[in-house]
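Student: So here's entry.txt, just compact mmCIF, N, CA, C and O atoms:
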```
# COMPACT_ATOMS: atom_id res chain seq x y z
N MET K 1484 0.84 -1.18 0.00
CA MET K 1484 0.00 0.00 0.00
C MET K 1484 0.89 1.23 0.00
O MET K 1484 1.76 1.38 0.85
N GLU K 1485 0.68 2.09 -0.96
CA GLU K 1485 1.42 3.33 -1.06
C GLU K 1485 0.69 4.42 -0.28
O GLU K 1485 -0.53 4.45 -0.25
N ILE K 1486 1.44 5.34 0.29
CA ILE K 1486 0.85 6.41 1.09
C ILE K 1486 -0.11 7.26 0.25
O ILE K 1486 -1.11 7.76 0.74
N ASP K 1487 0.15 7.38 -1.05
CA ASP K 1487 -0.72 8.17 -1.93
C ASP K 1487 -2.09 7.53 -2.12
O ASP K 1487 -3.03 8.18 -2.52
N ASP K 1488 -2.19 6.21 -1.87
CA ASP K 1488 -3.47 5.51 -2.00
C ASP K 1488 -4.41 5.82 -0.83
O ASP K 1488 -5.61 5.63 -0.94
N LEU K 1489 -3.85 6.26 0.27
CA LEU K 1489 -4.63 6.51 1.48
C LEU K 1489 -5.20 7.92 1.46
O LEU K 1489 -4.46 8.89 1.36
N LYS K 1490 -6.50 8.02 1.57
CA LYS K 1490 -7.18 9.32 1.58
C LYS K 1490 -7.54 9.69 3.02
O LYS K 1490 -7.77 8.82 3.86
N PRO K 1491 -7.61 10.97 3.35
CA PRO K 1491 -8.01 11.38 4.70
C PRO K 1491 -9.38 10.81 5.08
O PRO K 1491 -10.27 10.70 4.23
N PHE K 1492 -9.51 10.44 6.33
CA PHE K 1492 -10.78 9.92 6.85
C PHE K 1492 -11.12 10.64 8.13
O PHE K 1492 -10.31 10.71 9.06
N ASP K 1493 -12.31 11.19 8.20
CA ASP K 1493 -12.81 11.89 9.39
C ASP K 1493 -13.67 10.91 10.19
O ASP K 1493 -14.67 10.41 9.67
N PRO K 1494 -13.31 10.61 11.44
CA PRO K 1494 -14.11 9.69 12.25
C PRO K 1494 -15.58 10.07 12.37
O PRO K 1494 -16.43 9.22 12.60
N ALA K 1495 -15.91 11.34 12.15
CA ALA K 1495 -17.32 11.76 12.20
C ALA K 1495 -18.11 11.19 11.02
O ALA K 1495 -19.34 11.23 11.02
N GLU K 1496 -17.41 10.66 10.02
CA GLU K 1496 -18.07 10.10 8.84
C GLU K 1496 -18.36 8.60 8.97
O GLU K 1496 -18.82 7.98 8.02
N VAL K 1497 -18.10 8.02 10.14
CA VAL K 1497 -18.35 6.59 10.31
C VAL K 1497 -19.85 6.31 10.15
O VAL K 1497 -20.69 7.07 10.62
N ASP K 1498 -20.16 5.24 9.41
CA ASP K 1498 -21.56 4.87 9.19
C ASP K 1498 -21.66 3.35 9.05
O ASP K 1498 -20.68 2.63 9.27
N GLU K 1499 -22.83 2.87 8.66
CA GLU K 1499 -23.06 1.43 8.59
C GLU K 1499 -22.20 0.73 7.55
O GLU K 1499 -21.97 -0.47 7.65
N THR K 1500 -21.68 1.46 6.56
CA THR K 1500 -20.83 0.82 5.55
C THR K 1500 -19.45 0.47 6.08
O THR K 1500 -18.76 -0.36 5.49
N LEU K 1501 -19.05 1.10 7.18
CA LEU K 1501 -17.72 0.87 7.75
C LEU K 1501 -17.76 0.08 9.05
O LEU K 1501 -16.72 -0.11 9.67
N THR K 1502 -18.93 -0.36 9.45
CA THR K 1502 -19.07 -1.04 10.75
C THR K 1502 -19.77 -2.38 10.58
O THR K 1502 -20.34 -2.67 9.52
N ARG K 1503 -19.72 -3.16 11.63
CA ARG K 1503 -20.43 -4.44 11.69
C ARG K 1503 -21.14 -4.52 13.03
O ARG K 1503 -20.61 -4.10 14.05
N VAL K 1504 -22.36 -5.07 13.00
CA VAL K 1504 -23.09 -5.35 14.23
C VAL K 1504 -22.97 -6.85 14.47
O VAL K 1504 -23.28 -7.65 13.58
N VAL K 1505 -22.51 -7.22 15.65
CA VAL K 1505 -22.25 -8.61 15.99
C VAL K 1505 -22.92 -8.93 17.32
O VAL K 1505 -22.83 -8.15 18.26
N VAL K 1506 -23.58 -10.09 17.38
CA VAL K 1506 -24.15 -10.57 18.64
C VAL K 1506 -23.25 -11.70 19.14
O VAL K 1506 -22.95 -12.64 18.40
N HIS K 1507 -22.82 -11.57 20.39
CA HIS K 1507 -21.93 -12.57 20.98
C HIS K 1507 -22.25 -12.69 22.48
O HIS K 1507 -22.30 -11.68 23.17
N ASN K 1508 -22.48 -13.91 22.92
CA ASN K 1508 -22.79 -14.17 24.34
C ASN K 1508 -23.94 -13.30 24.85
O ASN K 1508 -23.90 -12.77 25.96
N GLY K 1509 -24.95 -13.12 24.02
CA GLY K 1509 -26.14 -12.39 24.44
C GLY K 1509 -26.03 -10.88 24.41
O GLY K 1509 -26.97 -10.19 24.77
N LYS K 1510 -24.90 -10.34 23.97
CA LYS K 1510 -24.73 -8.89 23.87
C LYS K 1510 -24.55 -8.52 22.40
O LYS K 1510 -24.03 -9.29 21.60
N THR K 1511 -24.98 -7.30 22.07
CA THR K 1511 -24.84 -6.79 20.70
C THR K 1511 -23.75 -5.74 20.68
O THR K 1511 -23.74 -4.82 21.51
N TYR K 1512 -22.85 -5.87 19.72
CA TYR K 1512 -21.70 -4.97 19.61
C TYR K 1512 -21.71 -4.25 18.26
O TYR K 1512 -22.06 -4.84 17.25
N LEU K 1513 -21.29 -3.00 18.29
CA LEU K 1513 -21.02 -2.24 17.08
C LEU K 1513 -19.51 -2.20 16.93
O LEU K 1513 -18.80 -1.67 17.79
N LEU K 1514 -18.99 -2.82 15.86
CA LEU K 1514 -17.54 -2.92 15.66
C LEU K 1514 -17.10 -2.11 14.45
O LEU K 1514 -17.79 -2.08 13.43
N PHE K 1515 -15.96 -1.49 14.58
CA PHE K 1515 -15.33 -0.72 13.51
C PHE K 1515 -13.99 -1.38 13.18
O PHE K 1515 -13.00 -1.15 13.87
N PRO K 1516 -13.96 -2.25 12.16
CA PRO K 1516 -12.70 -2.89 11.80
C PRO K 1516 -11.80 -1.92 11.04
O PRO K 1516 -12.27 -1.10 10.24
N TYR K 1517 -10.49 -2.01 11.29
CA TYR K 1517 -9.53 -1.13 10.62
C TYR K 1517 -8.16 -1.80 10.61
O TYR K 1517 -7.94 -2.81 11.29
N VAL K 1518 -7.26 -1.22 9.85
CA VAL K 1518 -5.87 -1.68 9.82
C VAL K 1518 -5.06 -0.74 10.71
O VAL K 1518 -5.05 0.48 10.49
N ASN K 1519 -4.41 -1.30 11.71
CA ASN K 1519 -3.55 -0.52 12.59
C ASN K 1519 -2.14 -0.58 12.01
O ASN K 1519 -1.49 -1.61 12.05
N ALA K 1520 -1.70 0.54 11.45
CA ALA K 1520 -0.37 0.63 10.85
C ALA K 1520 0.51 1.59 11.63
O ALA K 1520 1.34 2.30 11.07
N THR K 1521 0.33 1.62 12.95
CA THR K 1521 1.12 2.51 13.78
C THR K 1521 2.42 1.86 14.24
O THR K 1521 3.29 2.53 14.76
N GLU K 1522 2.55 0.56 14.02
CA GLU K 1522 3.77 -0.17 14.36
C GLU K 1522 4.47 -0.57 13.07
O GLU K 1522 4.05 -0.21 11.98
N ASN K 1523 5.51 -1.38 13.18
CA ASN K 1523 6.27 -1.79 11.99
C ASN K 1523 5.46 -2.66 11.04
O ASN K 1523 5.68 -2.61 9.84
N GLU K 1524 4.57 -3.48 11.56
CA GLU K 1524 3.76 -4.37 10.72
C GLU K 1524 2.28 -4.05 10.92
O GLU K 1524 1.81 -3.99 12.06
N PRO K 1525 1.54 -3.85 9.84
CA PRO K 1525 0.11 -3.57 9.99
C PRO K 1525 -0.64 -4.80 10.46
O PRO K 1525 -0.25 -5.94 10.18
N GLU K 1526 -1.71 -4.58 11.22
CA GLU K 1526 -2.55 -5.69 11.66
C GLU K 1526 -3.99 -5.23 11.72
O GLU K 1526 -4.28 -4.06 11.95
N TYR K 1527 -4.90 -6.19 11.48
CA TYR K 1527 -6.32 -5.89 11.57
C TYR K 1527 -6.72 -5.81 13.04
O TYR K 1527 -6.35 -6.65 13.84
N LYS K 1528 -7.49 -4.78 13.35
CA LYS K 1528 -8.03 -4.59 14.70
C LYS K 1528 -9.45 -4.08 14.56
O LYS K 1528 -9.93 -3.82 13.46
N SER K 1529 -10.11 -3.89 15.69
CA SER K 1529 -11.41 -3.24 15.67
C SER K 1529 -11.60 -2.47 16.96
O SER K 1529 -11.02 -2.79 17.98
N ILE K 1530 -12.40 -1.44 16.85
CA ILE K 1530 -12.82 -0.66 18.00
C ILE K 1530 -14.31 -0.92 18.11
O ILE K 1530 -15.04 -0.89 17.11
N GLY K 1531 -14.77 -1.22 19.31
CA GLY K 1531 -16.17 -1.58 19.45
C GLY K 1531 -16.79 -1.12 20.75
O GLY K 1531 -16.11 -0.66 21.66
N MET K 1532 -18.10 -1.29 20.79
CA MET K 1532 -18.88 -0.92 21.97
C MET K 1532 -20.17 -1.73 21.95
O MET K 1532 -20.61 -2.19 20.91
N THR K 1533 -20.74 -1.92 23.12
CA THR K 1533 -22.02 -2.60 23.19
C THR K 1533 -23.13 -1.62 22.83
O THR K 1533 -23.01 -0.41 23.09
N ILE K 1534 -24.18 -2.14 22.22
CA ILE K 1534 -25.32 -1.31 21.86
C ILE K 1534 -26.61 -2.02 22.30
O ILE K 1534 -26.62 -3.22 22.52
N ALA K 1535 -27.68 -1.25 22.40
CA ALA K 1535 -28.99 -1.81 22.72
C ALA K 1535 -29.69 -2.13 21.41
O ALA K 1535 -29.58 -1.39 20.44
N GLY K 1536 -30.39 -3.23 21.34
CA GLY K 1536 -31.13 -3.56 20.14
C GLY K 1536 -30.28 -4.30 19.13
O GLY K 1536 -29.14 -4.69 19.40
N THR K 1537 -30.84 -4.47 17.93
CA THR K 1537 -30.17 -5.26 16.89
C THR K 1537 -29.55 -4.41 15.80
O THR K 1537 -28.94 -4.95 14.88
N ALA K 1538 -29.73 -3.10 15.87
CA ALA K 1538 -29.14 -2.20 14.88
C ALA K 1538 -28.58 -0.97 15.59
O ALA K 1538 -29.07 -0.59 16.66
N ALA K 1539 -27.58 -0.37 15.00
CA ALA K 1539 -26.96 0.82 15.59
C ALA K 1539 -27.82 2.05 15.34
O ALA K 1539 -28.38 2.22 14.26
N SER K 1540 -27.92 2.88 16.35
CA SER K 1540 -28.68 4.14 16.25
C SER K 1540 -27.73 5.28 15.85
O SER K 1540 -26.51 5.13 15.86
N VAL K 1541 -28.31 6.41 15.55
CA VAL K 1541 -27.51 7.61 15.25
C VAL K 1541 -26.61 7.93 16.44
O VAL K 1541 -25.43 8.26 16.28
N GLN K 1542 -27.15 7.81 17.64
CA GLN K 1542 -26.35 8.08 18.85
C GLN K 1542 -25.21 7.08 18.98
O GLN K 1542 -24.10 7.44 19.39
N ASP K 1543 -25.45 5.81 18.63
CA ASP K 1543 -24.38 4.80 18.67
C ASP K 1543 -23.23 5.20 17.75
O ASP K 1543 -22.06 5.11 18.13
N PHE K 1544 -23.56 5.67 16.54
CA PHE K 1544 -22.51 6.11 15.61
C PHE K 1544 -21.78 7.33 16.14
O PHE K 1544 -20.56 7.45 15.99
N HIS K 1545 -22.51 8.23 16.78
CA HIS K 1545 -21.88 9.41 17.38
C HIS K 1545 -20.90 8.96 18.47
O HIS K 1545 -19.77 9.46 18.54
N ASN K 1546 -21.33 8.04 19.33
CA ASN K 1546 -20.46 7.54 20.40
C ASN K 1546 -19.25 6.80 19.84
O ASN K 1546 -18.14 6.94 20.37
N LEU K 1547 -19.45 6.01 18.79
CA LEU K 1547 -18.34 5.31 18.17
C LEU K 1547 -17.35 6.30 17.56
O LEU K 1547 -16.13 6.13 17.69
N SER K 1548 -17.86 7.35 16.94
CA SER K 1548 -16.98 8.39 16.38
C SER K 1548 -16.09 8.98 17.47
O SER K 1548 -14.90 9.22 17.24
N ALA K 1549 -16.66 9.22 18.64
CA ALA K 1549 -15.87 9.77 19.75
C ALA K 1549 -14.77 8.79 20.16
O ALA K 1549 -13.65 9.21 20.48
N LEU K 1550 -15.08 7.49 20.16
CA LEU K 1550 -14.06 6.48 20.47
C LEU K 1550 -12.94 6.49 19.42
O LEU K 1550 -11.76 6.33 19.76
N LEU K 1551 -13.31 6.68 18.16
CA LEU K 1551 -12.31 6.71 17.09
C LEU K 1551 -11.40 7.93 17.23
O LEU K 1551 -10.18 7.83 17.04
N VAL K 1552 -11.98 9.06 17.58
CA VAL K 1552 -11.18 10.27 17.79
C VAL K 1552 -10.20 10.04 18.92
O VAL K 1552 -9.00 10.33 18.79
N LYS K 1553 -10.67 9.47 20.01
CA LYS K 1553 -9.81 9.21 21.17
C LYS K 1553 -8.72 8.20 20.82
O LYS K 1553 -7.55 8.41 21.15
N SER K 1554 -9.07 7.14 20.12
CA SER K 1554 -8.09 6.12 19.75
C SER K 1554 -7.06 6.64 18.75
O SER K 1554 -5.94 6.15 18.70
N GLY K 1555 -7.45 7.61 17.95
CA GLY K 1555 -6.56 8.14 16.93
C GLY K 1555 -5.69 9.29 17.37
O GLY K 1555 -4.93 9.84 16.56
N GLN K 1556 -5.75 9.67 18.64
CA GLN K 1556 -4.94 10.80 19.11
C GLN K 1556 -3.46 10.50 18.90
O GLN K 1556 -2.97 9.45 19.29
N GLY K 1557 -2.77 11.41 18.24
CA GLY K 1557 -1.36 11.26 17.96
C GLY K 1557 -1.09 10.49 16.67
O GLY K 1557 0.07 10.27 16.31
N PHE K 1558 -2.15 10.06 15.98
CA PHE K 1558 -2.03 9.32 14.73
C PHE K 1558 -2.97 9.96 13.70
O PHE K 1558 -3.67 10.91 14.00
N LEU K 1559 -2.99 9.40 12.51
CA LEU K 1559 -3.88 9.88 11.45
C LEU K 1559 -4.81 8.77 11.01
O LEU K 1559 -4.37 7.63 10.83
N TRP K 1560 -6.07 9.09 10.80
CA TRP K 1560 -7.01 8.16 10.18
C TRP K 1560 -6.98 8.40 8.69
O TRP K 1560 -7.07 9.52 8.22
N ARG K 1561 -6.85 7.32 7.93
CA ARG K 1561 -6.89 7.35 6.48
C ARG K 1561 -7.79 6.22 6.00
O ARG K 1561 -8.13 5.31 6.77
N ILE K 1562 -8.17 6.24 4.72
CA ILE K 1562 -9.05 5.20 4.19
C ILE K 1562 -8.67 4.90 2.74
O ILE K 1562 -8.26 5.79 2.01
N VAL K 1563 -8.79 3.63 2.37
CA VAL K 1563 -8.59 3.21 0.99
C VAL K 1563 -9.51 2.01 0.74
O VAL K 1563 -9.61 1.10 1.56
N PHE K 1564 -10.23 2.05 -0.38
CA PHE K 1564 -11.15 0.97 -0.74
C PHE K 1564 -12.07 0.57 0.41
O PHE K 1564 -12.25 -0.60 0.73
N ASN K 1565 -12.63 1.55 1.08
CA ASN K 1565 -13.58 1.32 2.17
C ASN K 1565 -12.94 0.63 3.38
O ASN K 1565 -13.65 0.05 4.21
N THR K 1566 -11.61 0.66 3.47
CA THR K 1566 -10.92 0.10 4.63
C THR K 1566 -10.18 1.23 5.35
O THR K 1566 -9.24 1.81 4.80
N PRO K 1567 -10.59 1.53 6.59
CA PRO K 1567 -9.90 2.56 7.37
C PRO K 1567 -8.53 2.07 7.84
O PRO K 1567 -8.35 0.89 8.16
N TRP K 1568 -7.59 2.98 7.90
CA TRP K 1568 -6.24 2.72 8.40
C TRP K 1568 -5.92 3.76 9.47
O TRP K 1568 -6.26 4.93 9.33
N LEU K 1569 -5.23 3.34 10.51
CA LEU K 1569 -4.68 4.25 11.50
C LEU K 1569 -3.17 4.22 11.30
O LEU K 1569 -2.55 3.15 11.37
N ILE K 1570 -2.59 5.39 10.97
CA ILE K 1570 -1.18 5.44 10.62
C ILE K 1570 -0.43 6.46 11.46
O ILE K 1570 -1.03 7.35 12.07
N ARG K 1571 0.89 6.31 11.46
CA ARG K 1571 1.75 7.28 12.15
C ARG K 1571 1.78 8.59 11.37
O ARG K 1571 1.66 8.59 10.15
N ILE K 1572 1.98 9.66 12.08
CA ILE K 1572 2.14 10.97 11.45
C ILE K 1572 3.59 11.10 11.04
O ILE K 1572 4.49 10.97 11.86
N THR K 1573 3.80 11.33 9.75
CA THR K 1573 5.14 11.60 9.24
C THR K 1573 5.05 12.87 8.41
O THR K 1573 3.96 13.35 8.09
N GLU K 1574 6.19 13.39 8.05
CA GLU K 1574 6.19 14.61 7.24
C GLU K 1574 5.47 14.38 5.91
O GLU K 1574 4.77 15.25 5.41
N GLN K 1575 5.59 13.18 5.37
CA GLN K 1575 4.99 12.86 4.08
C GLN K 1575 3.47 12.83 4.13
O GLN K 1575 2.80 13.20 3.18
N ASN K 1576 2.89 12.36 5.25
CA ASN K 1576 1.43 12.20 5.30
C ASN K 1576 0.75 13.14 6.27
O ASN K 1576 -0.40 12.92 6.62
N ALA K 1577 1.42 14.20 6.69
CA ALA K 1577 0.83 15.10 7.67
C ALA K 1577 0.02 16.22 7.02
O ALA K 1577 -0.17 17.27 7.61
N GLY K 1578 -0.48 15.99 5.82
CA GLY K 1578 -1.28 17.01 5.13
C GLY K 1578 -2.47 17.44 5.95
O GLY K 1578 -2.87 16.77 6.91
N ALA K 1579 -3.05 18.51 5.58
CA ALA K 1579 -4.19 19.07 6.31
C ALA K 1579 -5.35 18.07 6.32
O ALA K 1579 -5.65 17.45 5.31
N PRO K 1580 -5.99 17.88 7.47
CA PRO K 1580 -7.15 16.99 7.54
C PRO K 1580 -8.34 17.57 6.78
O PRO K 1580 -8.41 18.77 6.57
N ARG K 1581 -9.24 16.70 6.38
CA ARG K 1581 -10.45 17.16 5.68
C ARG K 1581 -11.31 17.98 6.63
O ARG K 1581 -11.32 17.77 7.83
N ALA K 1582 -12.05 18.89 6.05
CA ALA K 1582 -12.97 19.70 6.85
C ALA K 1582 -14.03 18.81 7.46
O ALA K 1582 -14.50 17.86 6.83
N GLU K 1583 -14.41 19.12 8.67
CA GLU K 1583 -15.42 18.35 9.38
C GLU K 1583 -16.81 18.64 8.82
O GLU K 1583 -17.13 19.77 8.51
N ARG K 1584 -17.62 17.57 8.69
CA ARG K 1584 -19.00 17.78 8.25
C ARG K 1584 -19.80 18.32 9.41
O ARG K 1584 -19.59 17.97 10.55
N LYS K 1585 -20.76 19.18 9.10
CA LYS K 1585 -21.61 19.73 10.16
C LYS K 1585 -23.05 19.41 9.86
O LYS K 1585 -23.48 19.21 8.82
```
What's the structure tokens form of this structure?
Tutor:
Amino acid sequence: MEIDDLKPFDPAEVDETLTRVVVHNGKTYLLFPYVNATENEPEYKSIGMTIAGTAASVQDFHNLSALLVKSGQGFLWRIVFNTPWLIRITEQNAGAPRAERK
């Protein structure tokens, strides 16, 4: 994966296309799978939270976005082919972040 392939990703843009709802041991989880490339070797990870019901609400996505912002502190969120990446900040990829949607 080349750095030019990775486009800026704003955690406020998280939606059902980037998440999975999973039921496990009687609890329902909203999971956000991503590639963690903050170390020498990238690995698949996910950030998740429990939710009420069988589908994520607007508030659930808002809460998940807050978790993504917190998890990404000191790093950059990027996306390619509908796959989010968390990467280290370097001079090459420290371009201005996208404007936040309101």
Student: With only C-alpha atoms as the basis for distance, which of K:Phe1558, K:Tyr1527, K:Tyr1512, K:Phe1544 is at the shortest distance from Thr1500 of chain K?
Tutor: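 Counting only C-alpha atoms, the residue closest to Thr1500 of chain K is K:Phe1544.
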Student: Just how far from atom CA of Glu1526 of chain K is atom CA of Thr1566 of chain K, in Å to one decimal?
Tutor: 12.4 Å
Student: Kindly give the distance, in Å, that separates atom CA of Tyr1517 of chain K and atom O of Trp1568 of chain K, rounded to a single decimal.
Tutor: 7.0 Å
Student: When you draw a straight line from atom CA of Pro1567 of chain K to atom CA of Leu1550 of chain K, how long is it in Å?
Tutor: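 We find that atom CA of Pro1567 of chain K and atom CA of Leu1550 of chain K lie 14.3 Å from each other.
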Student: Using only C-alpha atoms, can you tell me which of K:Leu1569, K:His1545, K:Thr1533, K:Thr1521 comes closest to Ala1495 of chain K?
Tutor: K:His1545
Student: So, with only N, CA, C and O atoms as the atoms that count, which of K:Leu1501, K:Val1506, K:Ala1539, K:Val1518 lies closest to Arg1561 of chain K?
Tutor: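 Closest to Arg1561 of chain K, using only N, CA, C and O atoms: K:Val1518.
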Student: Identify, with DSSP run on backbone atoms, the residues in segment 1495-1582 of chain K assigned to helix (DSSP H, G or I), and express the list as a PyMOL selection string.
Tutor: chain K and resi 1495-1496+1499-1501+1541-1554
Student: Store the residues of this selection in a file with N, CA, C and O atoms, as a PDB file, keeping the file's coordinate frame.
Tutor:
```
ATOM      1  N   ALA K1495     -15.910  11.340  12.150  1.00  0.00           N
ATOM      2  CA  ALA K1495     -17.320  11.760  12.200  1.00  0.00           C
ATOM      3  C   ALA K1495     -18.110  11.190  11.020  1.00  0.00           C
ATOM      4  O   ALA K1495     -19.340  11.230  11.020  1.00  0.00           O
ATOM      5  N   GLU K1496     -17.410  10.660  10.020  1.00  0.00           N
ATOM      6  CA  GLU K1496     -18.070  10.100   8.840  1.00  0.00           C
ATOM      7  C   GLU K1496     -18.360   8.600   8.970  1.00  0.00           C
ATOM      8  O   GLU K1496     -18.820   7.980   8.020  1.00  0.00           O
ATOM      9  N   GLU K1499     -22.830   2.870   8.660  1.00  0.00           N
ATOM     10  CA  GLU K1499     -23.060   1.430   8.590  1.00  0.00           C
ATOM     11  C   GLU K1499     -22.200   0.730   7.550  1.00  0.00           C
ATOM     12  O   GLU K1499     -21.970  -0.470   7.650  1.00  0.00           O
ATOM     13  N   THR K1500     -21.680   1.460   6.560  1.00  0.00           N
ATOM     14  CA  THR K1500     -20.830   0.820   5.550  1.00  0.00           C
ATOM     15  C   THR K1500     -19.450   0.470   6.080  1.00  0.00           C
ATOM     16  O   THR K1500     -18.760  -0.360   5.490  1.00  0.00           O
ATOM     17  N   LEU K1501     -19.050   1.100   7.180  1.00  0.00           N
ATOM     18  CA  LEU K1501     -17.720   0.870   7.750  1.00  0.00           C
ATOM     19  C   LEU K1501     -17.760   0.080   9.050  1.00  0.00           C
ATOM     20  O   LEU K1501     -16.720  -0.110   9.670  1.00  0.00           O
ATOM     21  N   VAL K1541     -28.310   6.410  15.550  1.00  0.00           N
ATOM     22  CA  VAL K1541     -27.510   7.610  15.250  1.00  0.00           C
ATOM     23  C   VAL K1541     -26.610   7.930  16.440  1.00  0.00           C
ATOM     24  O   VAL K1541     -25.430   8.260  16.280  1.00  0.00           O
ATOM     25  N   GLN K1542     -27.150   7.810  17.640  1.00  0.00           N
ATOM     26  CA  GLN K1542     -26.350   8.080  18.850  1.00  0.00           C
ATOM     27  C   GLN K1542     -25.210   7.080  18.980  1.00  0.00           C
ATOM     28  O   GLN K1542     -24.100   7.440  19.390  1.00  0.00           O
ATOM     29  N   ASP K1543     -25.450   5.810  18.630  1.00  0.00           N
ATOM     30  CA  ASP K1543     -24.380   4.800  18.670  1.00  0.00           C
ATOM     31  C   ASP K1543     -23.230   5.200  17.750  1.00  0.00           C
ATOM     32  O   ASP K1543     -22.060   5.110  18.130  1.00  0.00           O
ATOM     33  N   PHE K1544     -23.560   5.670  16.540  1.00  0.00           N
ATOM     34  CA  PHE K1544     -22.510   6.110  15.610  1.00  0.00           C
ATOM     35  C   PHE K1544     -21.780   7.330  16.140  1.00  0.00           C
ATOM     36  O   PHE K1544     -20.560   7.450  15.990  1.00  0.00           O
ATOM     37  N   HIS K1545     -22.510   8.230  16.780  1.00  0.00           N
ATOM     38  CA  HIS K1545     -21.880   9.410  17.380  1.00  0.00           C
ATOM     39  C   HIS K1545     -20.900   8.960  18.470  1.00  0.00           C
ATOM     40  O   HIS K1545     -19.770   9.460  18.540  1.00  0.00           O
ATOM     41  N   ASN K1546     -21.330   8.040  19.330  1.00  0.00           N
ATOM     42  CA  ASN K1546     -20.460   7.540  20.400  1.00  0.00           C
ATOM     43  C   ASN K1546     -19.250   6.800  19.840  1.00  0.00           C
ATOM     44  O   ASN K1546     -18.140   6.940  20.370  1.00  0.00           O
ATOM     45  N   LEU K1547     -19.450   6.010  18.790  1.00  0.00           N
ATOM     46  CA  LEU K1547     -18.340   5.310  18.170  1.00  0.00           C
ATOM     47  C   LEU K1547     -17.350   6.300  17.560  1.00  0.00           C
ATOM     48  O   LEU K1547     -16.130   6.130  17.690  1.00  0.00           O
ATOM     49  N   SER K1548     -17.860   7.350  16.940  1.00  0.00           N
ATOM     50  CA  SER K1548     -16.980   8.390  16.380  1.00  0.00           C
ATOM     51  C   SER K1548     -16.090   8.980  17.470  1.00  0.00           C
ATOM     52  O   SER K1548     -14.900   9.220  17.240  1.00  0.00           O
ATOM     53  N   ALA K1549     -16.660   9.220  18.640  1.00  0.00           N
ATOM     54  CA  ALA K1549     -15.870   9.770  19.750  1.00  0.00           C
ATOM     55  C   ALA K1549     -14.770   8.790  20.160  1.00  0.00           C
ATOM     56  O   ALA K1549     -13.650   9.210  20.480  1.00  0.00           O
ATOM     57  N   LEU K1550     -15.080   7.490  20.160  1.00  0.00           N
ATOM     58  CA  LEU K1550     -14.060   6.480  20.470  1.00  0.00           C
ATOM     59  C   LEU K1550     -12.940   6.490  19.420  1.00  0.00           C
ATOM     60  O   LEU K1550     -11.760   6.330  19.760  1.00  0.00           O
ATOM     61  N   LEU K1551     -13.310   6.680  18.160  1.00  0.00           N
ATOM     62  CA  LEU K1551     -12.310   6.710  17.090  1.00  0.00           C
ATOM     63  C   LEU K1551     -11.400   7.930  17.230  1.00  0.00           C
ATOM     64  O   LEU K1551     -10.180   7.830  17.040  1.00  0.00           O
ATOM     65  N   VAL K1552     -11.980   9.060  17.580  1.00  0.00           N
ATOM     66  CA  VAL K1552     -11.180  10.270  17.790  1.00  0.00           C
ATOM     67  C   VAL K1552     -10.200  10.040  18.920  1.00  0.00           C
ATOM     68  O   VAL K1552      -9.000  10.330  18.790  1.00  0.00           O
ATOM     69  N   LYS K1553     -10.670   9.470  20.010  1.00  0.00           N
ATOM     70  CA  LYS K1553      -9.810   9.210  21.170  1.00  0.00           C
ATOM     71  C   LYS K1553      -8.720   8.200  20.820  1.00  0.00           C
ATOM     72  O   LYS K1553      -7.550   8.410  21.150  1.00  0.00           O
ATOM     73  N   SER K1554      -9.070   7.140  20.120  1.00  0.00           N
ATOM     74  CA  SER K1554      -8.090   6.120  19.750  1.00  0.00           C
ATOM     75  C   SER K1554      -7.060   6.640  18.750  1.00  0.00           C
ATOM     76  O   SER K1554      -5.940   6.150  18.700  1.00  0.00           O
TER      77      SER K1554
END
```
Student: As a VMD selection string, please: every residue in chain K that a backbone DSSP assignment puts in strand (DSSP E or B).
Tutor: chain K and resid 1490 to 1491 1503 to 1507 1510 to 1520 1526 to 1534 1558 to 1563 1566 to 1571
Student: For Ser1540 of chain K, which of K:Leu1513, K:Leu1559, K:His1507, K:Glu1496 is the closest residue, counting only C-alpha atoms?
Tutor: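 Ranking K:Leu1513, K:Leu1559, K:His1507, K:Glu1496 by distance to Ser1540 of chain K, first place goes to K:Leu1513.
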Student: Residues at most 5 Å from Thr1502 of chain K, counting only N, CA, C and O atoms, excluding those fewer than 4 positions away in the same chain, as a list in words?
Tutor: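 The filter keeps Asp1498, Leu1514 and Phe1515 of chain K.
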Student: Which residue gives the smallest distance to Trp1560 of chain K among K:Glu1499, K:Asp1543, K:Asp1488, K:Asp1493, with all atoms listed in the file counted?
Tutor: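 Going through K:Glu1499, K:Asp1543, K:Asp1488, K:Asp1493 one by one, the smallest distance to Trp1560 of chain K is for K:Asp1493.
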Student: What's the 9 Å shell around Ala1538 of chain K, counting only C-alpha atoms, without same-chain residues fewer than 2 positions away, as a list of chain:residue names?
Tutor: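 The residues satisfying every condition are K:Val1504, K:Thr1511, K:Leu1513, K:Ile1534, K:Ala1535, K:Gly1536, K:Ser1540.
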Student: Which residue gives the smallest distance to Pro1516 of chain K among K:Thr1537, K:Asn1565, K:Ser1529, K:Thr1573, with only C-alpha atoms counted?
Tutor: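 Comparing K:Thr1537, K:Asn1565, K:Ser1529, K:Thr1573 against Pro1516 of chain K, the winner is K:Ser1529.
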